[in-house]
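Shown next: work-v7.cif, containing mmCIF, C-alpha atoms.
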data_query
#
loop_
_atom_site.group_PDB
_atom_site.id
_atom_site.type_symbol
_atom_site.label_atom_id
_atom_site.label_comp_id
_atom_site.auth_asym_id
_atom_site.auth_seq_id
_atom_site.Cartn_x
_atom_site.Cartn_y
_atom_site.Cartn_z
ATOM 1 C CA MET A 241 -12.249 -6.020 12.099
ATOM 2 C CA GLY A 242 -11.502 -5.170 8.474
ATOM 3 C CA VAL A 243 -7.955 -4.510 7.337
ATOM 4 C CA THR A 244 -6.630 -3.300 4.020
ATOM 5 C CA TYR A 245 -4.465 -5.472 1.809
ATOM 6 C CA ALA A 246 -1.381 -3.399 2.694
ATOM 7 C CA GLN A 247 -2.193 -3.596 6.435
ATOM 8 C CA ALA A 248 -2.581 -7.385 6.238
ATOM 9 C CA MET A 249 0.732 -7.785 4.412
ATOM 10 C CA THR A 250 2.528 -5.450 6.825
ATOM 11 C CA GLN A 251 1.100 -7.235 9.884
ATOM 12 C CA ALA A 252 2.174 -10.606 8.504
ATOM 13 C CA GLN A 253 5.688 -9.264 7.910
ATOM 14 C CA VAL A 254 5.922 -7.667 11.378
ATOM 15 C CA ALA A 255 4.606 -10.840 13.049
ATOM 16 C CA GLY A 256 6.961 -13.039 11.028
ATOM 17 C CA ALA A 257 3.933 -14.999 9.833
ATOM 18 C CA THR A 258 3.837 -17.067 6.656
ATOM 19 C CA VAL A 259 1.089 -16.070 4.241
ATOM 20 C CA SER A 260 -0.572 -19.046 2.551
ATOM 21 C CA ARG A 261 -3.898 -19.869 0.864
ATOM 22 C CA ASP A 262 -6.885 -21.629 2.376
ATOM 23 C CA VAL A 263 -8.970 -24.229 0.506
ATOM 24 C CA ASN A 264 -11.000 -21.431 -1.112
ATOM 25 C CA GLY A 265 -7.915 -19.626 -2.416
ATOM 26 C CA GLU A 266 -8.022 -16.727 0.068
ATOM 27 C CA GLN A 267 -4.741 -15.558 1.538
ATOM 28 C CA THR A 268 -4.403 -16.218 5.265
ATOM 29 C CA TYR A 269 -1.899 -16.152 8.105
ATOM 30 C CA THR A 270 -1.964 -16.683 11.852
ATOM 31 C CA TYR A 271 -0.141 -14.744 14.549
ATOM 32 C CA SER A 272 -0.614 -14.954 18.321
ATOM 33 C CA SER A 273 -4.218 -16.126 18.649
ATOM 34 C CA HIS A 274 -5.451 -14.300 15.530
ATOM 35 C CA THR A 275 -6.138 -15.698 12.066
ATOM 36 C CA VAL A 276 -6.376 -13.184 9.237
ATOM 37 C CA PHE A 277 -8.092 -13.914 5.912
ATOM 38 C CA PHE A 278 -7.733 -11.404 3.103
ATOM 39 C CA GLN A 279 -8.120 -11.157 -0.626
ATOM 40 C CA ASP A 280 -5.358 -10.565 -3.136
ATOM 41 C CA ALA A 281 -5.446 -10.313 -6.923
ATOM 42 C CA THR A 282 -5.216 -14.093 -7.372
ATOM 43 C CA SER A 283 -8.200 -14.825 -5.097
ATOM 44 C CA TYR A 284 -10.111 -11.934 -6.687
ATOM 45 C CA ARG A 285 -9.419 -13.396 -10.145
ATOM 46 C CA ARG A 286 -10.828 -16.762 -9.004
ATOM 47 C CA LYS A 287 -14.029 -15.056 -7.846
ATOM 48 C CA VAL A 288 -14.386 -13.084 -11.075
ATOM 49 C CA ASP A 289 -13.852 -16.242 -13.132
ATOM 50 C CA ALA A 290 -16.492 -18.105 -11.093
ATOM 51 C CA VAL A 291 -19.022 -15.280 -11.468
ATOM 52 C CA LEU A 292 -18.406 -14.944 -15.217
ATOM 53 C CA ALA A 293 -18.582 -18.713 -15.757
ATOM 54 C CA ALA A 294 -21.995 -18.847 -14.074
ATOM 55 C CA ASN A 295 -23.204 -15.488 -15.428
ATOM 56 C CA PRO A 296 -21.391 -14.551 -18.662
ATOM 57 C CA ALA A 297 -23.575 -11.481 -19.218
ATOM 58 C CA VAL A 298 -22.922 -9.954 -15.788
ATOM 59 C CA GLY A 299 -23.363 -6.181 -15.914
ATOM 60 C CA GLY A 300 -20.526 -5.185 -13.579
ATOM 61 C CA PHE A 301 -18.845 -5.480 -10.215
ATOM 62 C CA ALA A 302 -18.937 -3.446 -7.018
ATOM 63 C CA HIS A 303 -16.065 -2.925 -4.605
ATOM 64 C CA TRP A 304 -16.188 -2.298 -0.901
ATOM 65 C CA ARG A 305 -13.760 0.281 0.449
ATOM 66 C CA VAL A 306 -11.890 1.211 -2.721
ATOM 67 C CA GLY A 307 -8.204 1.699 -1.946
ATOM 68 C CA ALA A 308 -8.054 -1.233 0.488
ATOM 69 C CA GLU A 309 -7.472 -3.866 -2.208
ATOM 70 C CA ASP A 310 -4.374 -5.474 -3.681
ATOM 71 C CA PRO A 311 -3.358 -2.925 -6.366
ATOM 72 C CA ALA A 312 -3.023 -5.748 -8.920
ATOM 73 C CA THR A 313 -6.816 -6.253 -8.647
ATOM 74 C CA TRP A 314 -7.373 -3.292 -10.980
ATOM 75 C CA GLU A 315 -5.535 -5.039 -13.809
ATOM 76 C CA ILE A 316 -8.159 -7.795 -13.545
ATOM 77 C CA VAL A 317 -11.013 -5.268 -13.521
ATOM 78 C CA GLY A 318 -9.526 -3.613 -16.625
ATOM 79 C CA THR A 319 -9.328 -6.972 -18.393
ATOM 80 C CA VAL A 320 -12.963 -7.756 -17.582
ATOM 81 C CA GLN A 321 -14.047 -4.352 -18.885
ATOM 82 C CA ARG A 322 -12.196 -4.846 -22.186
ATOM 83 C CA THR A 323 -12.921 -8.485 -22.944
ATOM 84 C CA GLY A 324 -15.610 -9.769 -20.605
ATOM 85 C CA SER A 325 -13.267 -12.528 -19.379
ATOM 86 C CA THR A 326 -10.061 -12.898 -17.409
ATOM 87 C CA PRO A 327 -7.019 -14.836 -18.544
ATOM 88 C CA ILE A 328 -5.456 -17.220 -16.022
ATOM 89 C CA GLU A 329 -2.082 -15.823 -15.064
ATOM 90 C CA GLU A 330 -0.367 -14.774 -11.871
ATOM 91 C CA PRO A 331 -0.402 -11.023 -11.186
ATOM 92 C CA ALA A 332 2.831 -9.037 -11.384
ATOM 93 C CA LYS A 333 5.074 -8.730 -8.358
ATOM 94 C CA ASP A 334 4.817 -5.338 -6.696
ATOM 95 C CA PHE A 335 5.113 -3.647 -3.339
ATOM 96 C CA ALA A 336 3.077 -1.269 -1.190
ATOM 97 C CA ILE A 337 4.695 1.635 0.666
ATOM 98 C CA ASN A 338 3.508 2.334 4.196
ATOM 99 C CA GLY A 339 4.007 5.783 5.695
ATOM 100 C CA PRO A 340 2.569 9.282 5.697
ATOM 101 C CA SER A 341 1.223 10.507 2.371
ATOM 102 C CA ALA A 342 2.021 14.159 3.143
ATOM 103 C CA MET A 343 3.883 16.282 5.666
ATOM 104 C CA SER A 344 3.807 19.959 6.614
ATOM 105 C CA VAL A 345 6.890 21.715 7.940
ATOM 106 C CA GLU A 346 7.269 25.348 8.891
ATOM 107 C CA ALA A 347 10.220 27.308 7.538
ATOM 108 C CA GLY A 348 13.338 26.621 9.586
ATOM 109 C CA ALA A 349 11.853 23.540 11.261
ATOM 110 C CA GLU A 350 12.768 19.901 10.732
ATOM 111 C CA ALA A 351 10.546 16.857 10.312
ATOM 112 C CA ALA A 352 11.066 13.123 10.053
ATOM 113 C CA ALA A 353 8.903 10.279 8.837
ATOM 114 C CA GLY A 354 9.207 6.512 8.779
ATOM 115 C CA PHE A 355 8.354 4.420 5.753
ATOM 116 C CA GLY A 356 8.185 0.681 5.183
ATOM 117 C CA TYR A 357 7.063 -1.628 2.457
ATOM 118 C CA SER A 358 5.147 -4.856 2.061
ATOM 119 C CA GLY A 359 5.886 -7.271 -0.749
ATOM 120 C CA ILE A 360 2.924 -8.182 -2.960
ATOM 121 C CA ASN A 361 2.618 -11.416 -4.961
ATOM 122 C CA GLY A 362 6.044 -12.691 -3.934
ATOM 123 C CA PHE A 363 7.987 -9.424 -4.316
ATOM 124 C CA ALA A 364 11.213 -9.842 -2.347
ATOM 125 C CA ASP A 365 13.621 -7.420 -4.046
ATOM 126 C CA ALA A 366 15.569 -4.801 -2.107
ATOM 127 C CA VAL A 367 13.863 -1.431 -1.671
ATOM 128 C CA SER A 368 15.771 1.746 -0.838
ATOM 129 C CA VAL A 369 14.711 5.191 0.283
ATOM 130 C CA THR A 370 16.462 8.346 -0.870
ATOM 131 C CA ARG A 371 16.539 11.208 1.580
ATOM 132 C CA TRP A 372 16.034 14.670 0.203
ATOM 133 C CA ARG A 373 15.701 18.116 1.680
ATOM 134 C CA ASN A 374 13.861 21.178 0.552
ATOM 135 C CA ARG A 375 16.109 24.167 0.168
ATOM 136 C CA LYS A 376 15.232 27.763 0.786
ATOM 137 C CA LEU A 377 14.790 29.754 -2.367
ATOM 138 C CA PRO A 378 17.194 32.717 -2.682
#
Please rewrite the model in this file as structure tokens.
Amino acid sequence: MGVTYAQAMTQAQVAGATVSRDVNGEQTYTYSSHTVFFQDATSYRRKVDAVLAANPAVGGFAHWRVGAEDPATWEIVGTVQRTGSTPIEEPAKDFAINGPSAMSVEAGAEAAAGFGYSGINGFADAVSVTRWRNRKLP
């Protein structure tokens, strides 16, 4: 079963699992009887570097299921497009927000939604949510 980067990070957090790297550099964690392997920007960078080292004139890259990746991956893609190579550096710390992307509420009704976040690339800072309400126009 395929999971997105954000889903993998959220599941690891919910399960209290420790995310580590396997011998190939892929991120992985185990919970219950399941082992999850997933790609982040660092493992993606390693793959890009290996492809470019073996094929410096590569014409481009393809992505499966755009939107499921570690957001920091696109910084690497942008670097490859500009220079044809990728510098070795750790990607920036970031976080992904999990929750509904939109809500509809009828006039006079109330709605609630839950949101969470998953740290990316070692992000462990506090995150807060500000509650706001729409007001009726006069």
Contact residues around Ala248 in chain A with all atoms listed in the file at 12 Å, ignoring same-chain residues under 6 positions, as a list in words: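 Counting all atoms listed in the file, the residues come to Met241, Gly242, Val254, Ala255, Ala257, Thr258, Val259, Gln267, Thr268, Tyr269, Thr270, Tyr271, His274, Thr275, Val276, Phe277, Phe278, Gln279, Asp280, Ala308, Glu309, Asp310, Ala336, Asn338, Tyr357, Ser358, Gly359 and Ile360 of chain A.
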What does the file look like for those residues with C-alpha atoms, as a PDB file, in the frame of the given file?
ATOM      1  CA  MET A 241     -12.249  -6.020  12.099  1.00  0.00           C
ATOM      2  CA  GLY A 242     -11.502  -5.170   8.474  1.00  0.00           C
ATOM      3  CA  VAL A 254       5.922  -7.667  11.378  1.00  0.00           C
ATOM      4  CA  ALA A 255       4.606 -10.840  13.049  1.00  0.00           C
ATOM      5  CA  ALA A 257       3.933 -14.999   9.833  1.00  0.00           C
ATOM      6  CA  THR A 258       3.837 -17.067   6.656  1.00  0.00           C
ATOM      7  CA  VAL A 259       1.089 -16.070   4.241  1.00  0.00           C
ATOM      8  CA  GLN A 267      -4.741 -15.558   1.538  1.00  0.00           C
ATOM      9  CA  THR A 268      -4.403 -16.218   5.265  1.00  0.00           C
ATOM     10  CA  TYR A 269      -1.899 -16.152   8.105  1.00  0.00           C
ATOM     11  CA  THR A 270      -1.964 -16.683  11.852  1.00  0.00           C
ATOM     12  CA  TYR A 271      -0.141 -14.744  14.549  1.00  0.00           C
ATOM     13  CA  HIS A 274      -5.451 -14.300  15.530  1.00  0.00           C
ATOM     14  CA  THR A 275      -6.138 -15.698  12.066  1.00  0.00           C
ATOM     15  CA  VAL A 276      -6.376 -13.184   9.237  1.00  0.00           C
ATOM     16  CA  PHE A 277      -8.092 -13.914   5.912  1.00  0.00           C
ATOM     17  CA  PHE A 278      -7.733 -11.404   3.103  1.00  0.00           C
ATOM     18  CA  GLN A 279      -8.120 -11.157  -0.626  1.00  0.00           C
ATOM     19  CA  ASP A 280      -5.358 -10.565  -3.136  1.00  0.00           C
ATOM     20  CA  ALA A 308      -8.054  -1.233   0.488  1.00  0.00           C
ATOM     21  CA  GLU A 309      -7.472  -3.866  -2.208  1.00  0.00           C
ATOM     22  CA  ASP A 310      -4.374  -5.474  -3.681  1.00  0.00           C
ATOM     23  CA  ALA A 336       3.077  -1.269  -1.190  1.00  0.00           C
ATOM     24  CA  ASN A 338       3.508   2.334   4.196  1.00  0.00           C
ATOM     25  CA  TYR A 357       7.063  -1.628   2.457  1.00  0.00           C
ATOM     26  CA  SER A 358       5.147  -4.856   2.061  1.00  0.00           C
ATOM     27  CA  GLY A 359       5.886  -7.271  -0.749  1.00  0.00           C
ATOM     28  CA  ILE A 360       2.924  -8.182  -2.960  1.00  0.00           C
TER      29      ILE A 360
END
Rank nothing, just name the residue among A:Ser273, A:Val317, A:Glu266, A:Ser368 nearest to Ile337 in chain A, using only C-alpha atoms. A:Ser368
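The gap separating CA of Gly339 in chain A from CA of Phe355 in chain A is 4.6 Å, in Å to one decimal.
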Taking all atoms listed in the file into account, which of A:Phe335, A:Pro340, A:Ala246, A:Arg286 comes nearest Gly362 in chain A? A:Phe335
So how many Å separate CA of Ala252 in chain A and CA of Ala342 in chain A, to one decimal? 25.3 Å
May I ask which of the residues A:Thr313, A:Gln247, A:Asn295, A:Gln253 is the closest one to Asp334 in chain A, counting only C-alpha atoms? A:Thr313
Hey, can I get the axis-aligned box for range 350-369 of chain A? All listed atoms, 5 Å padding on each side, centre and edge lengths in Å to one decimal, as lines of an AutoDock Vina configuration file.
center_x = 9.2
center_y = 3.6
center_z = 2.9
size_x = 23.2
size_y = 42.6
size_z = 25.7
From A:Asp262, A:Glu350, A:Ala281, A:Thr250, residue lying nearest Pro311 in chain A [only C-alpha atoms]: A:Ala281
Separation of CA of Tyr245 in chain A from CA of Asp365 in chain A in Å: 19.1 Å
Residue with smallest distance to Leu292 in chain A - pool A:Val320, A:Glu315, A:Glu346, A:Ser272, counting only C-alpha atoms: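 Of the candidates, the smallest distance to Leu292 in chain A is held by A:Val320.
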Who sits within 8 Å of Arg285 in chain A, only C-alpha atoms, same chain under 2 positions skipped, as a PyMOL selection string: chain A and resi 281-283+287-289+313+316+326
